[in-house]
>>> print(open('data30.pdb').read())   # PDB, C-alpha atoms and all ligand atoms
MODEL        1
ATOM      1  CA  MET P 275     -20.862 160.850 101.292
ATOM      2  CA  ALA P 276     -20.366 159.766 104.918
ATOM      3  CA  ASP P 277     -21.768 162.256 107.433
ATOM      4  CA  TRP P 278     -18.375 162.772 109.111
ATOM      5  CA  ILE P 279     -17.052 164.212 105.857
ATOM      6  CA  GLU P 280     -17.894 167.834 105.137
ATOM      7  CA  PRO P 281     -17.159 168.514 101.483
ATOM      8  CA  HIS P 282     -16.065 171.892 100.160
ATOM      9  CA  ALA P 283     -15.722 172.925  96.549
ATOM     10  CA  PRO P 284     -12.423 174.735  95.944
ATOM     11  CA  GLY P 285     -12.346 177.458  93.322
ATOM     12  CA  PRO P 286     -10.514 176.858  90.068
ATOM     13  CA  HIS P 287      -6.976 177.929  89.248
ATOM     14  CA  THR P 288      -5.705 179.211  85.935
ATOM     15  CA  VAL P 289      -2.810 177.558  84.142
ATOM     16  CA  VAL P 290      -0.216 180.073  82.981
ATOM     17  CA  GLU P 291       3.086 179.682  81.157
ATOM     18  CA  ARG P 292       4.798 182.367  83.224
ATOM     19  CA  LEU P 293       4.149 184.914  85.948
ATOM     20  CA  ASP P 294       3.700 188.441  84.649
ATOM     21  CA  PRO P 295       2.006 191.104  86.799
ATOM     22  CA  ASP P 296       0.553 192.755  83.694
ATOM     23  CA  ASP P 297      -1.510 189.627  83.013
ATOM     24  CA  PHE P 298      -3.521 190.130  86.200
ATOM     25  CA  ALA P 299      -6.294 192.590  87.012
ATOM     26  CA  PRO P 300      -6.224 194.122  90.508
ATOM     27  CA  GLY P 301      -7.435 191.511  93.004
ATOM     28  CA  PHE P 302      -6.617 187.938  94.016
ATOM     29  CA  HIS P 303      -5.803 185.138  91.580
ATOM     30  CA  ARG P 304      -4.851 181.457  91.845
ATOM     31  CA  VAL P 305      -2.552 180.094  89.160
ATOM     32  CA  GLY P 306      -0.487 177.028  88.335
ATOM     33  CA  VAL P 307       2.688 177.858  86.437
ATOM     34  CA  HIS P 308       3.491 175.198  83.855
ATOM     35  CA  LEU P 309       7.156 174.283  84.312
ATOM     36  CA  VAL P 310       7.787 170.771  82.945
ATOM     37  CA  ASP P 311       5.795 167.642  82.062
ATOM     38  CA  ASP P 312       5.745 164.218  83.685
ATOM     39  CA  ALA P 313       6.041 160.945  81.736
ATOM     40  CA  THR P 314       2.274 160.808  81.150
ATOM     41  CA  ALA P 315       2.627 164.108  79.259
ATOM     42  CA  ARG P 316       0.793 165.806  82.111
ATOM     43  CA  PRO P 317       1.989 169.336  82.923
ATOM     44  CA  LEU P 318       3.550 169.862  86.347
ATOM     45  CA  LEU P 319       2.257 173.124  87.764
ATOM     46  CA  ALA P 320       3.903 175.234  90.445
ATOM     47  CA  PRO P 321       0.963 176.582  92.507
ATOM     48  CA  ALA P 322       1.005 180.317  93.151
ATOM     49  CA  LEU P 323      -1.201 182.932  94.765
ATOM     50  CA  VAL P 324      -1.296 186.365  93.160
ATOM     51  CA  ALA P 325      -2.322 189.611  94.823
ATOM     52  CA  ARG P 326      -2.304 192.459  92.315
ATOM     53  CA  GLY P 327      -2.662 195.820  93.980
ATOM     54  CA  ALA P 328      -4.778 198.698  92.768
ATOM     55  CA  HIS P 329      -1.715 200.987  92.986
ATOM     56  CA  PRO P 330       1.707 200.770  91.324
ATOM     57  CA  GLY P 331       4.550 199.273  93.330
ATOM     58  CA  PRO P 332       7.192 196.560  93.380
ATOM     59  CA  VAL P 333       6.813 192.951  92.268
ATOM     60  CA  VAL P 334       7.495 190.841  95.357
ATOM     61  CA  GLY P 335       8.028 187.091  95.102
ATOM     62  CA  ILE P 336       7.737 184.752  98.073
ATOM     63  CA  THR P 337       8.802 181.174  97.374
ATOM     64  CA  ALA P 338       8.352 178.077  99.536
ATOM     65  CA  ALA P 339       9.390 174.422  99.268
ATOM     66  CA  VAL P 340      12.323 174.902  96.877
ATOM     67  CA  HIS P 341      13.404 172.012  99.086
ATOM     68  CA  GLY P 342      10.396 169.735  98.694
ATOM     69  CA  ASN P 343      10.109 168.682 102.360
ATOM     70  CA  GLU P 344      10.394 172.208 103.808
ATOM     71  CA  LEU P 345       6.733 172.914 104.379
ATOM     72  CA  ASN P 346       6.292 175.726 106.917
ATOM     73  CA  GLY P 347       6.504 178.345 104.159
ATOM     74  CA  ILE P 348       3.383 176.978 102.457
ATOM     75  CA  PRO P 349       0.796 177.882 105.150
ATOM     76  CA  THR P 350       2.831 181.024 105.859
ATOM     77  CA  ILE P 351       2.007 182.182 102.313
ATOM     78  CA  HIS P 352      -1.641 181.039 102.599
ATOM     79  CA  ARG P 353      -2.179 183.011 105.802
ATOM     80  CA  LEU P 354      -0.174 186.029 104.681
ATOM     81  CA  PHE P 355      -2.397 186.458 101.626
ATOM     82  CA  ARG P 356      -5.507 186.440 103.852
ATOM     83  CA  THR P 357      -4.195 189.644 105.447
ATOM     84  CA  PHE P 358      -4.097 191.498 102.092
ATOM     85  CA  ASP P 359      -6.654 193.926 100.737
ATOM     86  CA  PRO P 360      -5.892 194.444  97.017
ATOM     87  CA  ALA P 361      -7.603 197.857  97.111
ATOM     88  CA  ASP P 362      -4.835 199.036  99.479
ATOM     89  CA  LEU P 363      -1.978 197.033  97.984
ATOM     90  CA  ARG P 364       0.860 198.724  96.063
ATOM     91  CA  GLY P 365       2.450 196.503  93.450
ATOM     92  CA  THR P 366       2.056 192.758  93.100
ATOM     93  CA  VAL P 367       2.808 189.908  95.487
ATOM     94  CA  PHE P 368       3.358 186.421  94.071
ATOM     95  CA  GLY P 369       3.340 183.570  96.591
ATOM     96  CA  VAL P 370       4.732 180.390  95.040
ATOM     97  CA  THR P 371       3.635 177.812  97.593
ATOM     98  CA  ILE P 372       5.484 174.795  96.141
ATOM     99  CA  ALA P 373       8.540 175.594  94.028
ATOM    100  CA  ASN P 374       9.901 172.011  93.919
ATOM    101  CA  VAL P 375       6.721 170.141  92.972
ATOM    102  CA  PRO P 376       8.316 166.707  92.287
ATOM    103  CA  GLY P 377      10.267 166.848  95.573
ATOM    104  CA  TYR P 378       7.168 167.845  97.523
ATOM    105  CA  VAL P 379       5.127 164.843  96.357
ATOM    106  CA  ARG P 380       8.034 162.538  97.269
ATOM    107  CA  HIS P 381       8.529 164.102 100.764
ATOM    108  CA  ASP P 382      12.024 164.882  99.535
ATOM    109  CA  ARG P 383      14.278 167.896  99.875
ATOM    110  CA  LEU P 384      15.868 167.134  96.506
ATOM    111  CA  TYR P 385      14.705 166.982  92.911
ATOM    112  CA  PRO P 386      13.999 163.353  91.833
ATOM    113  CA  ASP P 387      17.359 163.134  90.003
ATOM    114  CA  GLY P 388      19.108 163.595  93.351
ATOM    115  CA  LYS P 389      20.149 167.212  92.735
ATOM    116  CA  ASP P 390      19.466 170.119  95.048
ATOM    117  CA  LEU P 391      17.462 172.781  93.159
ATOM    118  CA  ASN P 392      18.972 175.370  95.483
ATOM    119  CA  ARG P 393      22.446 174.489  94.191
ATOM    120  CA  VAL P 394      21.809 174.227  90.437
ATOM    121  CA  MET P 395      20.441 177.725  89.783
ATOM    122  CA  PRO P 396      20.328 179.388  87.273
ATOM    123  CA  GLY P 397      19.848 176.015  85.571
ATOM    124  CA  ARG P 398      20.184 175.210  81.876
ATOM    125  CA  GLY P 399      17.332 175.350  79.374
ATOM    126  CA  ASP P 400      18.793 172.406  77.431
ATOM    127  CA  GLY P 401      20.107 170.584  80.494
ATOM    128  CA  ASP P 402      19.131 167.450  82.405
ATOM    129  CA  GLU P 403      16.045 167.112  84.620
ATOM    130  CA  SER P 404      16.941 169.377  87.529
ATOM    131  CA  ALA P 405      18.861 171.809  85.297
ATOM    132  CA  VAL P 406      15.918 172.387  82.954
ATOM    133  CA  TYR P 407      13.448 172.565  85.863
ATOM    134  CA  ALA P 408      15.652 175.193  87.526
ATOM    135  CA  ALA P 409      15.937 177.161  84.277
ATOM    136  CA  ARG P 410      12.165 177.106  83.726
ATOM    137  CA  LEU P 411      11.521 178.073  87.361
ATOM    138  CA  ARG P 412      13.869 181.010  86.908
ATOM    139  CA  GLU P 413      12.538 182.166  83.529
ATOM    140  CA  ARG P 414       8.841 181.602  84.193
ATOM    141  CA  VAL P 415       8.644 182.516  87.874
ATOM    142  CA  LEU P 416      11.679 184.074  89.551
ATOM    143  CA  ASP P 417      12.999 186.523  86.953
ATOM    144  CA  VAL P 418       9.998 188.844  87.221
ATOM    145  CA  PHE P 419      10.526 189.383  90.974
ATOM    146  CA  GLU P 420      11.975 192.724  92.086
ATOM    147  CA  VAL P 421      12.205 191.516  95.701
ATOM    148  CA  LEU P 422      12.638 187.877  96.765
ATOM    149  CA  ILE P 423      11.808 186.190 100.073
ATOM    150  CA  ASP P 424      12.728 182.482  99.907
ATOM    151  CA  LEU P 425      11.241 180.344 102.702
ATOM    152  CA  HIS P 426      13.082 177.282 104.004
ATOM    153  CA  THR P 427      13.351 175.117 107.136
ATOM    154  CA  ALA P 428      16.123 173.146 108.784
ATOM    155  CA  SER P 429      17.110 169.879 107.108
ATOM    156  CA  PHE P 430      16.276 166.408 108.464
ATOM    157  CA  GLY P 431      17.753 165.756 111.901
ATOM    158  CA  ARG P 432      18.332 169.425 112.728
ATOM    159  CA  VAL P 433      16.436 172.304 114.284
ATOM    160  CA  ASN P 434      16.820 176.005 113.553
ATOM    161  CA  THR P 435      15.936 179.227 115.251
ATOM    162  CA  LEU P 436      13.735 181.509 113.145
ATOM    163  CA  TYR P 437      16.649 183.063 111.313
ATOM    164  CA  VAL P 438      17.343 185.039 108.174
ATOM    165  CA  ARG P 439      20.304 184.732 105.808
ATOM    166  CA  ALA P 440      21.012 187.793 103.726
ATOM    167  CA  ASP P 441      23.811 189.888 102.271
ATOM    168  CA  LEU P 442      23.729 192.553 104.981
ATOM    169  CA  ARG P 443      26.238 194.739 103.095
ATOM    170  CA  ASP P 444      23.451 195.709 100.684
ATOM    171  CA  PRO P 445      21.296 198.391 102.384
ATOM    172  CA  ALA P 446      17.975 197.421 100.747
ATOM    173  CA  THR P 447      18.542 193.743 101.517
ATOM    174  CA  ALA P 448      19.543 194.520 105.113
ATOM    175  CA  ARG P 449      16.397 196.645 105.594
ATOM    176  CA  LEU P 450      14.235 193.798 104.334
ATOM    177  CA  ALA P 451      16.047 191.246 106.517
ATOM    178  CA  ARG P 452      15.749 193.370 109.667
ATOM    179  CA  ALA P 453      12.015 193.929 109.140
ATOM    180  CA  ILE P 454      11.294 190.190 109.492
ATOM    181  CA  GLY P 455      11.896 190.250 113.249
ATOM    182  CA  ALA P 456      13.836 186.982 113.279
ATOM    183  CA  GLN P 457      15.811 185.754 116.309
ATOM    184  CA  ILE P 458      19.087 185.806 114.384
ATOM    185  CA  LEU P 459      20.293 187.479 111.161
ATOM    186  CA  VAL P 460      23.296 185.853 109.539
ATOM    187  CA  HIS P 461      25.283 187.806 106.998
ATOM    188  CA  ASN P 462      25.882 185.509 104.057
ATOM    189  CA  ALA P 463      26.792 186.644 100.563
ATOM    190  CA  GLY P 464      24.921 183.641  99.142
ATOM    191  CA  ALA P 465      26.440 180.512  97.650
ATOM    192  CA  ASP P 466      26.428 180.163  93.886
ATOM    193  CA  GLY P 467      23.564 178.081  92.616
ATOM    194  CA  THR P 468      20.980 179.259  95.130
ATOM    195  CA  VAL P 469      17.681 180.931  94.333
ATOM    196  CA  ARG P 470      18.705 183.837  96.550
ATOM    197  CA  ALA P 471      22.128 184.375  94.942
ATOM    198  CA  THR P 472      20.585 184.203  91.472
ATOM    199  CA  ALA P 473      18.106 186.955  92.356
ATOM    200  CA  ALA P 474      20.779 188.995  94.143
ATOM    201  CA  GLY P 475      22.919 188.682  91.009
ATOM    202  CA  ARG P 476      20.212 190.653  89.156
ATOM    203  CA  GLY P 477      20.480 193.377  91.805
ATOM    204  CA  VAL P 478      17.290 192.280  93.550
ATOM    205  CA  PRO P 479      17.031 192.447  97.373
ATOM    206  CA  ALA P 480      16.795 188.781  98.332
ATOM    207  CA  ILE P 481      16.668 187.021 101.691
ATOM    208  CA  THR P 482      16.292 183.452 102.938
ATOM    209  CA  VAL P 483      14.021 182.846 105.933
ATOM    210  CA  GLU P 484      14.476 179.593 107.879
ATOM    211  CA  ILE P 485      11.236 178.552 109.595
ATOM    212  CA  GLY P 486      11.539 175.563 111.938
ATOM    213  CA  ASP P 487      11.855 171.931 110.929
ATOM    214  CA  PRO P 488      11.261 169.836 107.784
ATOM    215  CA  GLN P 489       8.152 167.804 106.873
ATOM    216  CA  VAL P 490       5.986 169.364 109.597
ATOM    217  CA  ILE P 491       3.791 172.413 109.923
ATOM    218  CA  ASP P 492       4.583 174.328 113.096
ATOM    219  CA  ARG P 493       1.659 176.682 113.738
ATOM    220  CA  ALA P 494       3.531 178.951 116.145
ATOM    221  CA  LYS P 495       6.487 179.447 113.791
ATOM    222  CA  VAL P 496       4.151 179.911 110.824
ATOM    223  CA  ARG P 497       2.362 182.661 112.743
ATOM    224  CA  THR P 498       5.605 184.405 113.726
ATOM    225  CA  SER P 499       7.009 184.297 110.217
ATOM    226  CA  ARG P 500       3.701 185.375 108.655
ATOM    227  CA  ILE P 501       3.712 188.480 110.887
ATOM    228  CA  GLY P 502       7.388 189.154 110.095
ATOM    229  CA  ILE P 503       6.964 188.819 106.339
ATOM    230  CA  ARG P 504       3.930 191.107 106.479
ATOM    231  CA  ASP P 505       6.168 193.624 108.319
ATOM    232  CA  ALA P 506       8.770 193.260 105.557
ATOM    233  CA  LEU P 507       6.071 194.071 102.980
ATOM    234  CA  GLU P 508       5.100 197.078 105.111
ATOM    235  CA  SER P 509       8.737 198.238 105.040
ATOM    236  CA  LEU P 510       8.578 198.088 101.231
ATOM    237  CA  GLY P 511       5.361 200.139 101.170
ATOM    238  CA  VAL P 512       3.453 197.254  99.557
ATOM    239  CA  VAL P 513       0.937 197.089 102.407
ATOM    240  CA  THR P 514       0.098 199.511 105.200
ATOM    241  CA  ALA P 515       1.002 198.695 108.798
ATOM    242  CA  ASP P 516      -1.422 196.399 110.596
ATOM    243  CA  ALA P 517      -1.816 195.834 114.339
ATOM    244  CA  GLN P 518       0.600 192.882 114.508
ATOM    245  CA  GLN P 519       4.259 193.849 114.550
ATOM    246  CA  ALA P 520       7.264 191.581 114.938
ATOM    247  CA  THR P 521       9.954 192.637 117.387
ATOM    248  CA  PRO P 522      12.979 193.699 115.321
ATOM    249  CA  ASN P 523      15.731 192.865 117.818
ATOM    250  CA  ALA P 524      17.606 190.116 116.013
ATOM    251  CA  VAL P 525      21.171 189.298 116.913
ATOM    252  CA  GLU P 526      23.231 190.162 113.811
ATOM    253  CA  CYS P 527      26.025 187.776 112.933
ATOM    254  CA  ALA P 528      28.950 188.632 110.661
ATOM    255  CA  ARG P 529      29.390 184.967 109.781
ATOM    256  CA  SER P 530      28.366 181.512 110.855
ATOM    257  CA  TYR P 531      29.658 177.985 110.494
ATOM    258  CA  TRP P 532      28.897 174.400 111.469
ATOM    259  CA  LEU P 533      30.915 172.388 113.955
ATOM    260  CA  TYR P 534      31.276 168.686 113.085
ATOM    261  CA  THR P 535      32.102 165.577 115.123
ATOM    262  CA  ASP P 536      35.626 164.165 114.748
ATOM    263  CA  ALA P 537      34.486 160.672 115.826
ATOM    264  CA  GLY P 538      31.360 158.511 115.718
ATOM    265  CA  GLY P 539      28.907 157.606 118.473
ATOM    266  CA  LEU P 540      25.766 158.814 120.178
ATOM    267  CA  LEU P 541      25.634 162.614 120.121
ATOM    268  CA  GLU P 542      23.788 164.814 122.584
ATOM    269  CA  VAL P 543      23.831 168.543 121.857
ATOM    270  CA  THR P 544      23.220 170.252 125.181
ATOM    271  CA  ALA P 545      23.511 173.901 124.118
ATOM    272  CA  PRO P 546      19.977 175.328 123.847
ATOM    273  CA  LEU P 547      18.731 176.547 120.486
ATOM    274  CA  GLY P 548      19.020 180.324 120.165
ATOM    275  CA  ALA P 549      21.282 180.584 123.230
ATOM    276  CA  LYS P 550      24.503 182.557 123.529
ATOM    277  CA  VAL P 551      27.546 180.418 124.309
ATOM    278  CA  GLU P 552      30.917 181.597 125.566
ATOM    279  CA  ALA P 553      34.280 180.182 124.525
ATOM    280  CA  GLY P 554      34.832 176.939 126.449
ATOM    281  CA  ASP P 555      31.152 176.312 127.252
ATOM    282  CA  ARG P 556      30.174 172.658 126.925
ATOM    283  CA  ILE P 557      27.923 172.316 123.864
ATOM    284  CA  ALA P 558      27.719 168.567 123.214
ATOM    285  CA  THR P 559      28.867 165.119 124.296
ATOM    286  CA  LEU P 560      29.540 161.938 122.359
ATOM    287  CA  VAL P 561      29.313 158.475 123.965
ATOM    288  CA  ASP P 562      30.030 155.002 122.615
ATOM    289  CA  PRO P 563      27.411 152.194 122.500
ATOM    290  CA  TRP P 564      28.499 151.093 126.003
ATOM    291  CA  GLY P 565      27.752 154.528 127.423
ATOM    292  CA  GLN P 566      31.374 155.566 127.848
ATOM    293  CA  LEU P 567      32.195 159.192 127.220
ATOM    294  CA  LEU P 568      34.201 159.718 124.024
ATOM    295  CA  ARG P 569      34.162 163.485 123.615
ATOM    296  CA  VAL P 570      33.062 166.675 125.272
ATOM    297  CA  TYR P 571      32.671 169.403 122.653
ATOM    298  CA  ARG P 572      33.072 173.020 123.758
ATOM    299  CA  ALA P 573      32.362 176.303 121.991
ATOM    300  CA  PRO P 574      35.580 177.401 120.238
ATOM    301  CA  GLU P 575      34.609 181.079 120.514
ATOM    302  CA  PRO P 576      31.649 183.144 121.741
ATOM    303  CA  GLY P 577      28.595 182.833 119.526
ATOM    304  CA  TRP P 578      24.900 182.100 119.128
ATOM    305  CA  VAL P 579      23.297 178.714 118.535
ATOM    306  CA  VAL P 580      21.613 179.313 115.162
ATOM    307  CA  GLY P 581      20.762 175.645 114.661
ATOM    308  CA  LYS P 582      21.725 172.248 116.008
ATOM    309  CA  SER P 583      21.537 168.542 115.356
ATOM    310  CA  THR P 584      18.643 166.576 116.836
ATOM    311  CA  ASN P 585      19.803 163.265 115.374
ATOM    312  CA  PRO P 586      21.913 161.452 117.975
ATOM    313  CA  VAL P 587      23.282 158.874 115.519
ATOM    314  CA  ALA P 588      26.562 160.552 114.620
ATOM    315  CA  ARG P 589      29.237 159.315 112.262
ATOM    316  CA  THR P 590      32.592 161.044 112.055
ATOM    317  CA  GLY P 591      31.876 164.394 110.419
ATOM    318  CA  SER P 592      28.250 164.713 111.547
ATOM    319  CA  ARG P 593      26.860 168.157 112.229
ATOM    320  CA  ILE P 594      26.819 169.285 115.858
ATOM    321  CA  LEU P 595      25.880 172.919 115.977
ATOM    322  CA  HIS P 596      25.548 175.971 113.709
ATOM    323  CA  LEU P 597      27.404 178.788 115.453
ATOM    324  CA  GLY P 598      26.726 182.428 114.568
ATOM    325  CA  ILE P 599      29.461 184.961 115.351
ATOM    326  CA  GLU P 600      27.958 188.302 116.342
ATOM    327  CA  GLY P 601      29.208 191.414 114.609
ATOM    328  CA  PRO P 602      28.713 193.758 111.648
ATOM    329  CA  PRO P 603      29.125 192.336 108.143
ATOM    330  CA  PRO P 604      32.685 192.522 106.786
ATOM    331  CA  GLY P 605      33.247 195.852 105.034
TER     332      GLY P 605
HETATM  333 ZN    ZN R 701      15.944 174.594 102.355
ENDMDL
END
>>> encode(input="data30.pdb", output="structure tokens", more="lines below")
Ligand SMILES: [Zn+2]
Amino acid sequence: MADWIEPHAPGPHTVVERLDPDDFAPGFHRVGVHLVDDATARPLLAPALVARGAHPGPVVGITAAVHGNELNGIPTIHRLFRTFDPADLRGTVFGVTIANVPGYVRHDRLYPDGKDLNRVMPGRGDGDESAVYAARLRERVLDVFEVLIDLHTASFGRVNTLYVRADLRDPATARLARAIGAQILVHNAGADGTVRATAAGRGVPAITVEIGDPQVIDRAKVRTSRIGIRDALESLGVVTADAQQATPNAVECARSYWLYTDAGGLLEVTAPLGAKVEAGDRIATLVDPWGQLLRVYRAPEPGWVVGKSTNPVARTGSRILHLGIEGPPPG
């Protein structure tokens, strides 16, 4: 081997048919959960880290890359697990680093059949490709979780603050969401078909954490979210408090929505990410290919910039800005 290459020998992982805490002795484990097979009859394995505590406690599931190009959650899980000591841990933490394996290898948000796995939950055991994958992911991985933290990023051409979506009307879910120390918490009951809504439908506290941008690893955001998720586990009593604490001072939004362009052109979103805007503040401009101003977009009401477009090539109906409206969740 060339002398500029330093080889390391990774440890093995165990192939399992489903995640079950009772199958694991206290300590750390690496597994691949067999979900489906490819056309060479080779099993596709969802990689997962397991930390089984020496003491009884909840089963916590952390999932990343349900959208296959949303990568920041993967090293977040890797680094989070390095902070654990199984002798002190209460319960079991499963960290599923790549939930959408076929999407991940294709650098694609979607499942290869063009469906969004986070819209087809709970899936169908006798369904088509994405439906059966979703059903197996649910039965073999997600259904055992008693708490769910689902890690995402912005989609292509957009940027997000570090923000959490959760049903803030549920006290246990709200506690979990607040412990993360995100910039913004958005109350959201959860659309049907999502991993989060499926877990919440079983009565499980479930939150979505949005960490930065797609198809990159952002070390600073990974660090912040790793600390916040550790704090969330501390709030559940799974781990004891360590020296690093997130600052729990998120702006809480009762609702949020996207603003879209009503014409096409070159879009520049001038409102800063994470900023507060007042009604009437200029948030974006649209120019034509000759540089002539077509539109000035202004904030329709006071709110917070949860996310925004970074892709200037805007057709009619392109996303401009994700506006969060501060306030308590609707009673
Ligand atoms: Zn996503």
>>> atom_distance(input="data30.pdb", atom1="atom CA of P:Lys550", atom2="atom CA of P:Asp466")
29.8 Å
>>> closest_residue(input="data30.pdb", among="P:Ile454, P:Ala465, P:Val580, P:Ala328", to="P:Ile501", atoms="only C-alpha atoms")
P:Ile454
>>> atom_distance(input="data30.pdb", atom1="atom CA of P:Asp311", atom2="atom CA of P:Phe430")
28.4 Å
>>> closest_atom_pairs(input="data30.pdb", of="chain P", to="ligand ZN 701 (chain R)", cutoff="7 Å", atoms="all atoms listed in the file", output="CSV")
residue,atom,partner,partner_atom,distance
P:Val340,CA,R:ZN701,ZN,6.6
P:His341,CA,R:ZN701,ZN,4.9
P:Glu344,CA,R:ZN701,ZN,6.2
P:His426,CA,R:ZN701,ZN,4.3
P:Thr427,CA,R:ZN701,ZN,5.5
P:Ala428,CA,R:ZN701,ZN,6.6
P:Ser429,CA,R:ZN701,ZN,6.8
>>> residues_around(input="data30.pdb", residues="P:Ala549", least_positions_apart="5", cutoff="10 Å", atoms="all atoms listed in the file", output="list in words")
Thr435, Gly577, Trp578, Val579, Val580 and Gly581 of chain P
>>> write_last_selection(input="data30.pdb", atoms="C-alpha atoms", output="compact mmCIF listing (two decimals), in the coordinates of the input")
# COMPACT_ATOMS: atom_id res chain seq x y z
CA THR P 435 15.94 179.23 115.25
CA GLY P 577 28.60 182.83 119.53
CA TRP P 578 24.90 182.10 119.13
CA VAL P 579 23.30 178.71 118.54
CA VAL P 580 21.61 179.31 115.16
CA GLY P 581 20.76 175.64 114.66
>>> closest_residue(input="data30.pdb", among="P:Pro479, P:Gly467, P:Gly605, P:Pro286", to="P:Ala440", atoms="all atoms listed in the file")
P:Pro479
>>> residues_around(input="data30.pdb", residues="P:Asn392", least_positions_apart="3", cutoff="10 Å", atoms="only C-alpha atoms", output="PDB file with C-alpha atoms, in the coordinates of the input")
ATOM      1  CA  VAL P 340      12.323 174.902  96.877  1.00  0.00           C
ATOM      2  CA  HIS P 341      13.404 172.012  99.086  1.00  0.00           C
ATOM      3  CA  ASN P 374       9.901 172.011  93.919  1.00  0.00           C
ATOM      4  CA  ARG P 383      14.278 167.896  99.875  1.00  0.00           C
ATOM      5  CA  LEU P 384      15.868 167.134  96.506  1.00  0.00           C
ATOM      6  CA  TYR P 385      14.705 166.982  92.911  1.00  0.00           C
ATOM      7  CA  LYS P 389      20.149 167.212  92.735  1.00  0.00           C
ATOM      8  CA  MET P 395      20.441 177.725  89.783  1.00  0.00           C
ATOM      9  CA  PRO P 396      20.328 179.388  87.273  1.00  0.00           C
ATOM     10  CA  GLY P 397      19.848 176.015  85.571  1.00  0.00           C
ATOM     11  CA  ALA P 408      15.652 175.193  87.526  1.00  0.00           C
ATOM     12  CA  ALA P 465      26.440 180.512  97.650  1.00  0.00           C
ATOM     13  CA  ASP P 466      26.428 180.163  93.886  1.00  0.00           C
ATOM     14  CA  GLY P 467      23.564 178.081  92.616  1.00  0.00           C
ATOM     15  CA  THR P 468      20.980 179.259  95.130  1.00  0.00           C
ATOM     16  CA  VAL P 469      17.681 180.931  94.333  1.00  0.00           C
ATOM     17  CA  ARG P 470      18.705 183.837  96.550  1.00  0.00           C
ATOM     18  CA  ALA P 471      22.128 184.375  94.942  1.00  0.00           C
ATOM     19  CA  THR P 472      20.585 184.203  91.472  1.00  0.00           C
TER      20      THR P 472
END
>>> residues_near_point(input="data30.pdb", point="(6.6, 184.5, 100.3)", cutoff="8 Å", atoms="all atoms listed in the file", output="number ranges by chain")
P: 335-338, 347, 350-351, 368-371, 422-425, 503
>>> closest_residue(input="data30.pdb", among="P:Ala373, P:Ile557, P:Leu442, P:Val290", to="P:Arg412", atoms="all atoms listed in the file")
P:Ala373
>>> closest_residue(input="data30.pdb", among="P:Arg589, P:Arg304, P:Arg529, P:Lys495", to="P:Asn434", atoms="all atoms listed in the file")
P:Lys495
>>> resolve_selection(input="data30.pdb", expression="the PyMOL selection byres (((chain P and resi 309) around 8) and not hetatm)", output="list in words")
Glu291, Val307, His308, Val310, Asp311, Pro317, Leu318, Leu319, Ala320, Tyr407, Arg410, Leu411 and Arg414 of chain P
